[in-house]
Amino acid sequence: MKYNFDEIVNRRGTYSLKWDGGNFIKKSGLTERYDENTIPLFTADMDLPVAQPLVDALHRTVDHRIFGYTIFPDEYFEAVQHWFKKRHDWEIKREEIVYSPGTVHALNVAVKAFTEPGDGIIIQRPVYPPFTSAIVTNRRELLNNALIYDEDRYYEIDFDDFEAKARDERTKMFILCNPQNPTGRIFTSEELRKLADICEKHGVIIVADEIHGDLIRRNQTFIPIAKAADTTDHIVTFTAINKTFNVAGLHCTNVVISNPVLRKTFTKVLGMHLPSPFTVAALIAVYYEGEDWLEQLKEYIDGTIEWVINFQKEKMPKVKIRIPEGTYIMWMDFSGYDLSPEEVHDRIYNKANVLLEDGKMFGEEGLPFQRICLPSPRPMIKEAFERIAREFADQQ
């Protein structure tokens, strides 16, 4: 079927974090202003209708009228295997799949399972803020292998610094984000293999967050690090339907661990988690019947990104952006303006009344940047950018 992603679905009054959580959002310090006219584009969930097979599967679950304790049927794991073999040519064994009720939860479990207080963990800033909090709150040492920013080449890995940090005997883990949030980089097979080789040589466990791996641009290729690496004994991979199919509220992350010793350790710390019947029904539906919807979604997001690029060139040429290789996130560099990050924030969040995420949340490397999530109806995205452009008109 043909999906109408321009349709604006009213999410207010549906317990939505981004649309109903104004008081929580303001208390968190993300913004000073949040009201009925705010356009919230800060969080990575979609304002777009989901795949019809998913809706049908959830209706069947509701119609049963009983929602008791739920097991993982064989079809659940077969659906995961089917999807990754078909989409990424990645062979996953049934016993390698471990369910977690969320990716951030799984990340904290991995930190506790595979490291001790005081151990070093490498991340590559600018990066998703929960990477930092998982390290700091669990009293591990944060080792920042900052990505090298170049306006022409964009973001690259500093491999000399990476190996120096991996070589330190206190370093036990590297948390990889690929496709990278917030920059949108998709790391190449060569880059991934080099990271994997360095970590294997120095006894560093790789925890790979690949939950945006299905959300890539046309003519781009995403390769799981477990497929790029020569060996996977030191690799733990997070996958999820949450971002791909807009079901973050169903809490469904699958952790792939080929090493049985690591898998046993992770599972012990994780504890027992049973799924919701809605989670099981959703995953089976989207992994077998959601591909057509995903292709239409990707085409729509590509079109939105192209509109943004053209709009920025015409209306806000001092903002430096580029088409992300993956994710539905754009990372916008406002350093071309003679304004402080605080002044940029005030113009966007308070005056334009558009809610994004300040780059400083992703590390000091992100100070001149703003992160925007684009999977909303294009008329809403256009309104947001038109508001922002008006507030910077005096700076052009």
# chains A, B, ... in the order shown; residues from 1 in each chain; ligands from 1
>>> residues_around(residues="Ile97 in chain A", least_positions_apart="5", cutoff="7 Å", atoms="only C-alpha atoms", output="ChimeraX atom specification")
/A:254-257
>>> write_last_selection(atoms="N, CA and C atoms", output="tab-separated table (two decimals), in the first residue's frame")
chain	number	residue	atom	x	y	z
A	254	ASN	N	17.32	-6.26	20.70
A	254	ASN	CA	17.91	-7.60	20.64
A	254	ASN	C	19.43	-7.47	20.60
A	255	VAL	N	20.07	-8.12	21.54
A	255	VAL	CA	21.52	-8.07	21.68
A	255	VAL	C	22.10	-9.35	21.10
A	256	VAL	N	23.03	-9.20	20.18
A	256	VAL	CA	23.64	-10.35	19.52
A	256	VAL	C	25.04	-10.56	20.08
A	257	ILE	N	25.26	-11.73	20.70
A	257	ILE	CA	26.54	-12.04	21.34
A	257	ILE	C	26.95	-13.45	20.92
>>> residues_around(residues="Asp150 in chain A", least_positions_apart="6", cutoff="12 Å", atoms="only C-alpha atoms", output="number ranges by chain")
A: 156-157, 320, 333
>>> closest_atom_pairs(of="range 292-331 of chain A", to="range 20-41 of chain A", cutoff="12 Å", atoms="only C-alpha atoms", output="CSV")
residue,atom,partner,partner_atom,distance
A:Tyr328,CA,A:Leu41,CA,11.2
A:Ile329,CA,A:Leu41,CA,9.8
A:Met330,CA,A:Leu41,CA,10.9
>>> closest_atom_pairs(of="range 229-319 of chain A", to="range 173-180 of chain A", cutoff="10 Å", atoms="only C-alpha atoms", output="tab-separated table")
residue	atom	partner	partner_atom	distance
A:His234	CA	A:Met173	CA	9.5
A:Ile235	CA	A:Phe174	CA	9.7
A:Val236	CA	A:Ile175	CA	9.5
A:Thr237	CA	A:Leu176	CA	9.3
A:Phe238	CA	A:Cys177	CA	9.8
>>> select_by_dssp(residues="range 78-301 of chain A", states="strand (DSSP E or B)", output="number ranges by chain")
A: 97-100, 120-123, 141-144, 148-150, 154-156, 171-177, 205-209, 216, 235-240, 253-257
>>> residues_around(residues="Arg387 in chain A", least_positions_apart="2", cutoff="12 Å", atoms="only C-alpha atoms", output="MDAnalysis selection string")
chainID A and resid 37:39 315:316 347:355 380:385 389:393
>>> closest_residue(among="A:Ile205, A:Leu54, A:Ile223, A:Val319", to="Ala113 in chain A", atoms="only C-alpha atoms")
A:Ile205
